[in-house]
file run-v8.txt (compact mmCIF, C-alpha atoms and all ligand atoms)
# COMPACT_ATOMS: atom_id res chain seq x y z
CA MET M 154 -111.67 57.09 112.84
CA ARG M 155 -110.63 59.20 109.84
CA VAL M 156 -107.82 61.63 110.68
CA PHE M 157 -106.58 64.40 108.41
CA ILE M 158 -103.21 65.96 109.29
CA THR M 159 -102.29 69.38 107.93
CA GLY M 160 -98.55 69.96 107.67
CA LEU M 161 -98.07 66.22 107.08
CA GLN M 162 -94.41 66.59 106.08
CA GLY M 163 -93.46 68.74 109.08
CA GLN M 164 -91.74 67.55 112.26
CA LEU M 165 -94.98 66.88 114.13
CA GLY M 166 -97.01 65.85 111.07
CA ARG M 167 -94.62 63.01 110.25
CA SER M 168 -94.56 61.69 113.79
CA LEU M 169 -98.36 61.83 114.10
CA ALA M 170 -98.84 60.02 110.80
CA GLU M 171 -96.39 57.30 111.78
CA LYS M 172 -98.00 56.73 115.19
CA LEU M 173 -101.57 56.81 113.87
CA SER M 174 -100.77 54.51 110.95
CA ASN M 175 -99.15 52.00 113.34
CA GLY M 176 -102.22 52.17 115.57
CA GLU M 177 -105.09 49.82 116.05
CA GLY M 178 -106.11 49.47 112.42
CA ALA M 179 -109.39 51.36 112.72
CA ILE M 180 -107.64 54.62 111.88
CA VAL M 181 -107.44 56.01 108.35
CA VAL M 182 -104.89 58.77 107.96
CA SER M 183 -104.57 61.35 105.24
CA GLY M 184 -102.91 64.72 105.11
CA GLY M 185 -101.86 67.73 103.14
CA ASP M 186 -98.82 69.93 102.85
CA LEU M 187 -97.08 72.37 100.55
CA PRO M 188 -96.42 72.33 97.62
CA ASP M 189 -99.36 70.05 96.66
CA TRP M 190 -101.92 71.40 99.10
CA ASP M 191 -102.07 74.98 100.33
CA MET M 192 -104.27 75.75 103.30
CA THR M 193 -104.50 79.41 102.30
CA ASP M 194 -106.57 78.35 99.25
CA PRO M 195 -110.15 77.86 100.53
CA GLU M 196 -111.20 75.79 97.51
CA GLN M 197 -108.35 73.31 98.00
CA VAL M 198 -109.17 72.97 101.69
CA ASP M 199 -112.91 72.53 101.06
CA LYS M 200 -112.29 69.95 98.35
CA VAL M 201 -109.88 67.77 100.29
CA PHE M 202 -112.14 67.76 103.35
CA ALA M 203 -115.26 67.02 101.27
CA ASP M 204 -113.44 64.11 99.60
CA PHE M 205 -111.87 62.66 102.77
CA ASN M 206 -114.68 63.47 105.24
CA PRO M 207 -112.48 63.56 108.39
CA ASP M 208 -113.69 62.80 111.92
CA VAL M 209 -110.61 64.56 113.32
CA VAL M 210 -108.39 67.25 111.79
CA ILE M 211 -105.00 67.67 113.43
CA HIS M 212 -103.94 71.09 112.26
CA SER M 213 -100.17 71.18 112.46
CA ALA M 214 -99.36 73.22 109.32
CA ALA M 215 -97.94 76.66 109.94
CA LEU M 216 -95.31 79.10 108.92
CA THR M 217 -92.95 78.25 111.79
CA ASN M 218 -89.83 80.27 110.98
CA VAL M 219 -90.17 82.95 113.65
CA ASP M 220 -87.59 85.27 112.12
CA TYR M 221 -89.23 85.03 108.69
CA CYS M 222 -92.58 85.83 110.36
CA ALA M 223 -91.01 88.88 112.04
CA GLU M 224 -89.77 90.10 108.66
CA ASN M 225 -93.07 89.28 106.92
CA PRO M 226 -95.80 89.84 109.53
CA ALA M 227 -98.66 90.19 107.03
CA GLU M 228 -97.75 86.90 105.39
CA ALA M 229 -97.55 85.25 108.81
CA VAL M 230 -101.14 86.30 109.53
CA ARG M 231 -102.30 85.30 106.04
CA VAL M 232 -100.82 81.79 106.35
CA ASN M 233 -101.25 81.04 110.05
CA GLY M 234 -104.45 83.04 110.57
CA PHE M 235 -106.35 82.81 107.29
CA GLY M 236 -105.04 79.29 106.57
CA THR M 237 -106.32 78.17 109.96
CA TYR M 238 -109.65 79.87 109.27
CA ASN M 239 -110.03 77.78 106.08
CA VAL M 240 -109.21 74.59 107.97
CA ALA M 241 -111.59 75.48 110.84
CA VAL M 242 -114.51 76.25 108.52
CA ALA M 243 -114.06 73.16 106.33
CA GLY M 244 -113.58 71.01 109.45
CA ALA M 245 -116.79 72.36 110.96
CA VAL M 246 -118.72 71.60 107.74
CA ALA M 247 -117.38 68.02 107.94
CA GLY M 248 -118.41 67.84 111.62
CA ALA M 249 -114.80 67.04 112.57
CA LEU M 250 -113.01 67.65 115.85
CA MET M 251 -110.28 70.21 115.16
CA VAL M 252 -107.04 69.81 117.08
CA ALA M 253 -105.08 73.00 116.46
CA ILE M 254 -101.40 73.04 117.42
CA SER M 255 -100.29 76.34 118.92
CA THR M 256 -97.33 77.81 120.73
CA ASN M 257 -96.00 79.27 123.96
CA GLU M 258 -95.23 82.40 121.92
CA VAL M 259 -98.87 83.53 122.29
CA PHE M 260 -97.63 84.63 125.74
CA ASP M 261 -95.34 87.59 126.40
CA GLY M 262 -93.04 85.71 128.78
CA LEU M 263 -93.10 88.39 131.45
CA VAL M 264 -94.89 86.69 134.37
CA ASN M 265 -91.95 84.63 135.71
CA ARG M 266 -93.83 81.40 136.24
CA PRO M 267 -94.89 78.64 133.85
CA TYR M 268 -98.02 79.54 131.90
CA LEU M 269 -101.35 77.88 132.59
CA GLU M 270 -103.85 77.07 129.84
CA TYR M 271 -106.21 79.99 130.45
CA ASP M 272 -103.61 82.66 131.23
CA ARG M 273 -104.02 85.91 129.33
CA ARG M 274 -102.52 85.77 125.87
CA ASN M 275 -100.33 88.66 124.80
CA PRO M 276 -98.15 87.60 121.86
CA ALA M 277 -94.45 88.33 122.11
CA ASN M 278 -93.73 88.77 118.39
CA PRO M 279 -95.30 88.54 114.87
CA TYR M 280 -95.17 84.72 114.83
CA GLY M 281 -96.90 84.65 118.22
CA TYR M 282 -99.41 87.20 116.97
CA SER M 283 -100.25 85.08 113.90
CA LYS M 284 -100.75 81.99 116.10
CA TRP M 285 -102.91 84.06 118.48
CA VAL M 286 -105.07 85.01 115.47
CA ALA M 287 -105.18 81.29 114.61
CA GLU M 288 -106.34 80.37 118.14
CA GLN M 289 -109.13 82.93 118.00
CA VAL M 290 -110.24 81.74 114.56
CA VAL M 291 -110.42 78.18 115.92
CA GLU M 292 -112.44 79.32 118.95
CA ARG M 293 -114.83 81.21 116.71
CA PHE M 294 -115.26 78.97 113.65
CA ALA M 295 -114.37 75.35 114.48
CA GLY M 296 -117.38 73.38 115.69
CA HIS M 297 -115.55 71.20 118.21
CA TYR M 298 -111.95 71.94 119.00
CA MET M 299 -108.87 71.41 121.09
CA ILE M 300 -106.08 73.96 121.08
CA VAL M 301 -102.80 72.27 122.04
CA ARG M 302 -99.93 74.62 122.87
CA THR M 303 -96.39 73.32 122.84
CA SER M 304 -92.86 74.72 122.64
CA TRP M 305 -89.26 74.21 121.47
CA LEU M 306 -89.97 71.13 119.35
CA TYR M 307 -87.23 68.82 118.17
CA ALA M 308 -87.49 65.77 115.94
CA PRO M 309 -85.19 63.18 114.38
CA GLY M 310 -83.60 64.39 111.17
CA GLY M 311 -84.41 68.02 111.73
CA ALA M 312 -81.91 70.87 111.66
CA ASN M 313 -82.95 71.52 115.22
CA PHE M 314 -81.22 73.29 118.13
CA ILE M 315 -79.76 70.03 119.47
CA HIS M 316 -78.25 69.06 116.14
CA LYS M 317 -76.82 72.56 115.65
CA ILE M 318 -75.19 72.59 119.10
CA LEU M 319 -73.66 69.15 118.58
CA THR M 320 -72.45 69.95 115.08
CA ARG M 321 -70.75 73.15 116.27
CA ALA M 322 -69.26 71.44 119.32
CA ARG M 323 -67.89 68.53 117.29
CA SER M 324 -66.36 70.83 114.71
CA GLY M 325 -64.60 72.83 117.43
CA GLU M 326 -66.51 76.06 116.77
CA PRO M 327 -67.05 78.30 119.82
CA LEU M 328 -70.42 78.05 121.50
CA ARG M 329 -72.32 81.09 122.78
CA VAL M 330 -75.88 80.52 124.01
CA VAL M 331 -78.46 82.83 125.60
CA THR M 332 -79.46 82.59 129.23
CA ASN M 333 -82.50 84.90 129.02
CA GLU M 334 -84.80 82.72 126.93
CA VAL M 335 -86.53 80.06 129.02
CA GLY M 336 -88.94 77.46 127.65
CA SER M 337 -89.90 73.79 127.68
CA PRO M 338 -87.95 71.65 125.19
CA THR M 339 -90.32 69.04 123.77
CA TYR M 340 -89.63 65.83 121.89
CA VAL M 341 -91.98 65.56 118.93
CA ASN M 342 -92.59 61.82 119.45
CA ASP M 343 -93.76 62.48 123.02
CA LEU M 344 -96.03 65.26 121.80
CA ALA M 345 -97.53 63.11 119.03
CA ARG M 346 -98.30 60.29 121.47
CA ALA M 347 -99.91 62.71 123.92
CA VAL M 348 -101.99 64.43 121.22
CA ILE M 349 -103.41 61.04 120.21
CA GLU M 350 -104.15 60.20 123.86
CA LEU M 351 -105.83 63.57 124.30
CA ILE M 352 -108.06 63.01 121.25
CA ARG M 353 -109.14 59.69 122.79
CA THR M 354 -110.43 61.49 125.91
CA ASN M 355 -113.24 62.98 123.76
CA ARG M 356 -112.83 66.33 125.47
CA GLN M 357 -112.48 69.85 124.08
CA GLY M 358 -110.74 73.04 125.19
CA VAL M 359 -107.23 74.40 125.62
CA TYR M 360 -104.31 72.16 126.62
CA HIS M 361 -100.59 72.52 127.13
CA LEU M 362 -98.40 69.58 126.08
CA VAL M 363 -94.69 70.02 126.66
CA ASN M 364 -92.08 67.81 128.25
CA GLU M 365 -92.31 68.66 131.95
CA GLY M 366 -90.17 71.47 133.34
CA GLY M 367 -88.26 74.26 131.73
CA CYS M 368 -84.75 75.59 131.16
CA SER M 369 -82.87 78.38 129.48
CA ARG M 370 -81.36 77.86 126.05
CA TYR M 371 -77.99 77.90 127.83
CA ASP M 372 -79.01 75.13 130.27
CA PHE M 373 -80.49 73.16 127.39
CA ALA M 374 -77.21 73.39 125.47
CA ARG M 375 -75.26 72.32 128.59
CA ALA M 376 -77.52 69.28 129.03
CA ILE M 377 -77.08 68.37 125.33
CA LEU M 378 -73.28 68.41 125.60
CA GLU M 379 -73.27 66.43 128.86
CA LEU M 380 -75.54 63.73 127.42
CA ALA M 381 -73.31 63.50 124.34
CA ASP M 382 -70.19 63.22 126.58
CA LEU M 383 -68.68 66.42 125.21
CA ASP M 384 -66.72 68.42 127.76
CA ILE M 385 -66.76 71.74 125.92
CA PRO M 386 -67.31 75.20 127.37
CA ILE M 387 -70.27 77.36 126.40
CA GLU M 388 -70.15 81.12 126.80
CA PRO M 389 -73.36 82.36 128.45
CA ILE M 390 -74.70 85.46 126.70
CA THR M 391 -77.92 87.47 126.68
CA SER M 392 -80.06 88.05 123.62
CA ASP M 393 -78.91 91.65 123.18
CA ALA M 394 -75.48 90.22 122.22
CA PHE M 395 -76.71 89.14 118.79
CA GLU M 396 -79.21 90.43 116.28
CA ARG M 397 -82.25 88.51 115.16
CA ALA M 398 -85.55 89.60 113.64
CA SER M 399 -87.81 87.95 116.22
CA SER M 400 -87.74 88.41 120.01
CA PRO M 401 -88.81 85.27 121.87
CA PRO M 402 -90.78 85.52 125.11
CA PRO M 403 -88.10 85.63 127.84
CA TYR M 404 -89.77 83.20 130.28
CA ALA M 405 -92.42 80.96 128.75
CA PRO M 406 -92.33 77.37 129.98
CA LEU M 407 -95.81 75.80 129.92
CA ASP M 408 -97.58 73.89 132.68
CA ASN M 409 -99.59 70.85 131.45
CA VAL M 410 -102.37 71.16 134.05
CA PHE M 411 -105.49 70.20 132.08
CA ALA M 412 -103.99 67.31 130.09
CA ALA M 413 -102.38 65.84 133.23
CA ALA M 414 -105.73 66.05 135.02
CA LEU M 415 -107.20 63.91 132.21
CA GLY M 416 -104.38 61.38 132.68
CA VAL M 417 -102.31 62.51 129.67
CA LYS M 418 -98.83 62.85 131.16
CA MET M 419 -95.53 64.08 129.71
CA ARG M 420 -92.13 63.00 131.05
CA PRO M 421 -89.47 65.56 132.15
CA TRP M 422 -87.55 67.25 129.34
CA GLN M 423 -84.23 65.79 130.56
CA GLU M 424 -85.50 62.20 130.12
CA ALA M 425 -86.86 62.85 126.64
CA LEU M 426 -83.65 64.59 125.60
CA ALA M 427 -81.52 61.69 126.86
CA GLU M 428 -83.53 59.22 124.79
CA TYR M 429 -83.39 61.42 121.69
CA ILE M 430 -79.62 61.86 121.92
CA ARG M 431 -79.08 58.16 122.57
CA GLU M 432 -81.16 57.18 119.54
CA TYR M 433 -80.36 59.88 117.01
CA GLU M 434 -77.31 61.96 117.87
CA GLN M 435 -74.63 59.55 119.14
CA VAL M 436 -71.60 59.22 116.88
N1 LIG T 501 -91.24 73.93 115.97
C1 LIG T 501 -91.46 74.41 117.20
O1 LIG T 501 -90.53 74.59 118.00
C2 LIG T 501 -92.87 74.72 117.63
C3 LIG T 501 -93.07 75.26 118.91
C4 LIG T 501 -94.38 75.55 119.32
C5 LIG T 501 -95.44 75.31 118.47
N2 LIG T 501 -95.21 74.81 117.23
C6 LIG T 501 -96.37 74.58 116.34
O2 LIG T 501 -96.44 73.18 116.13
C7 LIG T 501 -96.91 72.90 114.81
C8 LIG T 501 -95.96 71.93 114.14
O3 LIG T 501 -94.65 72.47 114.13
P1 LIG T 501 -93.48 71.75 113.33
O4 LIG T 501 -92.21 72.04 114.06
O5 LIG T 501 -93.86 70.36 113.00
O6 LIG T 501 -93.49 72.64 112.00
P2 LIG T 501 -92.78 72.36 110.62
O7 LIG T 501 -91.82 71.25 110.72
O8 LIG T 501 -92.35 73.69 110.11
O9 LIG T 501 -94.02 71.85 109.74
C9 LIG T 501 -95.04 72.70 109.32
C10 LIG T 501 -95.52 72.21 107.97
O10 LIG T 501 -96.57 73.09 107.52
C11 LIG T 501 -96.36 73.31 106.14
N3 LIG T 501 -97.03 74.52 105.68
C12 LIG T 501 -96.61 75.80 105.81
N4 LIG T 501 -97.47 76.62 105.18
C13 LIG T 501 -98.45 75.84 104.64
C14 LIG T 501 -99.58 76.10 103.84
N5 LIG T 501 -99.89 77.34 103.45
N6 LIG T 501 -100.36 75.06 103.46
C15 LIG T 501 -100.05 73.79 103.82
N7 LIG T 501 -98.95 73.47 104.55
C16 LIG T 501 -98.17 74.50 104.95
C17 LIG T 501 -94.86 73.42 106.02
O11 LIG T 501 -94.44 73.31 104.68
P3 LIG T 501 -93.05 74.00 104.24
O12 LIG T 501 -91.96 73.35 105.04
O13 LIG T 501 -92.97 73.74 102.77
O14 LIG T 501 -93.19 75.46 104.58
C18 LIG T 501 -94.39 72.27 106.90
O15 LIG T 501 -94.34 71.05 106.21
C19 LIG T 501 -97.04 74.26 114.12
O16 LIG T 501 -98.40 74.64 114.15
C20 LIG T 501 -96.21 75.19 114.98
O17 LIG T 501 -96.70 76.52 114.93
C21 LIG T 501 -93.95 74.50 116.79
call {"tool": "encode", "arguments": {"input": "run-v8.txt", "output": "structure tokens", "more": "lines below"}}
Ligand SMILES: NC(=O)c1ccc[n+]([C@@H]2O[C@H](COP(=O)([O-])OP(=O)(O)OC[C@H]3O[C@@H](n4cnc5c(N)ncnc54)[C@H](OP(=O)(O)O)[C@@H]3O)[C@@H](O)[C@H]2O)c1
result
Amino acid sequence: MRVFITGLQGQLGRSLAEKLSNGEGAIVVSGGDLPDWDMTDPEQVDKVFADFNPDVVIHSAALTNVDYCAENPAEAVRVNGFGTYNVAVAGAVAGALMVAISTNEVFDGLVNRPYLEYDRRNPANPYGYSKWVAEQVVERFAGHYMIVRTSWLYAPGGANFIHKILTRARSGEPLRVVTNEVGSPTYVNDLARAVIELIRTNRQGVYHLVNEGGCSRYDFARAILELADLDIPIEPITSDAFERASSPPPYAPLDNVFAAALGVKMRPWQEALAEYIREYEQV
């Protein structure tokens, strides 16, 4: 199996490449990322796919800075929408399965229950809008596809939420965290494993893959401190207490119904977080 990963240097791209390369030997992995390979350039995308001839394209590349997307909505659509269009078209020409990674932010977060795969999309913000465009481009132009939505990713080495909370706590800075943003924290290594399992099912369609359950950012921060044995108070606040360019969906955990029905299971977010902190954040 020949697998091409877009966004190879990103959090998910790196984990996918590592897991696929350590696999059963019959897998050849390649990938592209900025600055050498730009998915918004159709000629570059066509050329790399014609040369590599992938069986599977895992499309992980995206402009993921939600605040930057809110400040630059046209660029967000150009990169996430048009870039995905280029990948979908070139993948279809190669006859490849396209596995497009998407987000819980295609939902508005107003229904007060975890989202199911075929719930109505109504993006909460410009980043969500650009990923919604990307999903539609995949549905329209990729020959065979899976759309895999996930949320609140964290990975070793990243300047992620967990690392920021621990750094602030350990340096004695006050902690204030919002209670009115609820999602499903997801460990990138769990997601990468599940994406590979999902590909092996030979199915298509829309899937959610998050660590099971959901919590507010405040509860997430509390769990992080407890697991790191830090008895430090956190002030609960709501999002109107601080300014940011993007507004996240207020309640957007995802339910992994379809993947679980195919036997692709995710563990609860608390278990994944405990392992991550044990392995990467203990001092
Ligand atoms: N992170 C999350 O919490 C989260 C949540 C839900 C869904 N997702 C989705 O999951 C996927 C993976 O996320 P991630 O956290 O691994 O993202 P990431 O770490 O930001 O990686 C994305 C990669 O894509 C690259 N990229 C951006 N624009 C590109 C372009 N025009 N051409 C080629 N490569 C380009 C980035 O390069 P630069 O770094 O140089 O820009 C980066 O290496 C994304 O599709 C994202 O939308 C992420």
call {"tool": "residues_near_ligand", "arguments": {"input": "run-v8.txt", "ligand": "ligand LIG 501 (chain T)", "cutoff": "6 Å", "atoms": "only C-alpha atoms and all ligand atoms", "output": "MDAnalysis selection string"}}
result
chainID M and resid 160 162:166 186:187 190:193 213:217 232 254:256 303:306
call {"tool": "residues_around", "arguments": {"input": "run-v8.txt", "residues": "range 324-333 of chain M", "least_positions_apart": "4", "cutoff": "10 Å", "atoms": "all atoms listed in the file", "output": "VMD selection string"}}
result
chain M and resid 318 to 320 368 to 375 385 to 395 401 to 404
call {"tool": "residues_around", "arguments": {"input": "run-v8.txt", "residues": "Ile300 in chain M", "least_positions_apart": "6", "cutoff": "9 Å", "atoms": "only C-alpha atoms", "output": "ChimeraX atom specification"}}
result
/M:251-255,288,291-292,357-361
call {"tool": "closest_atom_pairs", "arguments": {"input": "run-v8.txt", "of": "range 203-316 of chain M", "to": "range 169-175 of chain M", "cutoff": "12 Å", "atoms": "all atoms listed in the file", "output": "JSON lines"}}
result
{"residue": "M:Val209", "atom": "CA", "partner": "M:Leu173", "partner_atom": "CA", "distance": 11.9}
{"residue": "M:Val210", "atom": "CA", "partner": "M:Leu169", "partner_atom": "CA", "distance": 11.6}
{"residue": "M:Ile211", "atom": "CA", "partner": "M:Leu169", "partner_atom": "CA", "distance": 8.9}
{"residue": "M:His212", "atom": "CA", "partner": "M:Leu169", "partner_atom": "CA", "distance": 11.0}
{"residue": "M:Ser213", "atom": "CA", "partner": "M:Leu169", "partner_atom": "CA", "distance": 9.7}
{"residue": "M:Ala308", "atom": "CA", "partner": "M:Leu169", "partner_atom": "CA", "distance": 11.7}
call {"tool": "atom_distance", "arguments": {"input": "run-v8.txt", "atom1": "CA of Ala376 in chain M", "atom2": "CA of Ala322 in chain M"}}
result
12.9 Å
call {"tool": "atom_distance", "arguments": {"input": "run-v8.txt", "atom1": "CA of Gly236 in chain M", "atom2": "CA of Met299 in chain M"}}
result
17.0 Å
call {"tool": "closest_residue", "arguments": {"input": "run-v8.txt", "among": "M:Arg353, M:Arg293, M:Arg323, M:Arg302", "to": "Phe260 in chain M", "atoms": "only C-alpha atoms"}}
result
M:Arg302
call {"tool": "atom_distance", "arguments": {"input": "run-v8.txt", "atom1": "CA of Tyr433 in chain M", "atom2": "CA of Ala381 in chain M"}}
result
10.8 Å
call {"tool": "residues_around", "arguments": {"input": "run-v8.txt", "residues": "range 407-420 of chain M", "least_positions_apart": "4", "cutoff": "9 Å", "atoms": "all atoms listed in the file", "output": "list in words"}}
result
Asn257, Arg266, Pro267, Tyr268, Leu269, Glu270, Arg302, Thr303, Ser304, Gly336, Ser337, Asp343, Leu344, Ala347, Val348, Glu350, Leu351, Thr354, Val359, Tyr360, His361, Leu362, Val363, Asn364, Glu365, Gly366, Gly367, Glu424 and Ala425 of chain M
call {"tool": "residues_around", "arguments": {"input": "run-v8.txt", "residues": "Asp199 in chain M", "least_positions_apart": "5", "cutoff": "12 Å", "atoms": "only C-alpha atoms", "output": "list in words"}}
result
Trp190, Asp191, Met192, Thr193, Asp194, Asp204, Phe205, Asn206, Pro207, Gly236, Tyr238, Asn239, Val240, Ala241, Val242, Ala243, Gly244, Ala245, Val246 and Ala247 of chain M
call {"tool": "closest_residue", "arguments": {"input": "run-v8.txt", "among": "M:Phe294, M:Gln423, M:Arg346, M:Tyr280", "to": "Asp220 in chain M", "atoms": "only C-alpha atoms"}}
result
M:Tyr280
call {"tool": "closest_residue", "arguments": {"input": "run-v8.txt", "among": "M:Ala277, M:Leu263, M:Ile158, M:Val230", "to": "Ser399 in chain M", "atoms": "only C-alpha atoms"}}
result
M:Ala277
call {"tool": "closest_residue", "arguments": {"input": "run-v8.txt", "among": "M:Ala405, M:Met154, M:Tyr340, M:Ser400", "to": "Glu428 in chain M", "atoms": "only C-alpha atoms"}}
result
M:Tyr340
call {"tool": "closest_residue", "arguments": {"input": "run-v8.txt", "among": "M:Leu378, M:Val156, M:Ala398, M:Pro406", "to": "Glu258 in chain M", "atoms": "all atoms listed in the file"}}
result
M:Pro406
call {"tool": "closest_residue", "arguments": {"input": "run-v8.txt", "among": "M:Ser283, M:Gln197, M:Thr237, M:Ser168", "to": "Asn225 in chain M", "atoms": "all atoms listed in the file"}}
result
M:Ser283
call {"tool": "axis_aligned_box", "arguments": {"input": "run-v8.txt", "around": "range 373-383 of chain M", "padding_each_side": "5 Å", "output": "lines of an AutoDock Vina configuration file"}}
result
center_x = -74.6
center_y = 68.3
center_z = 126.7
size_x = 21.8
size_y = 20.2
size_z = 14.7
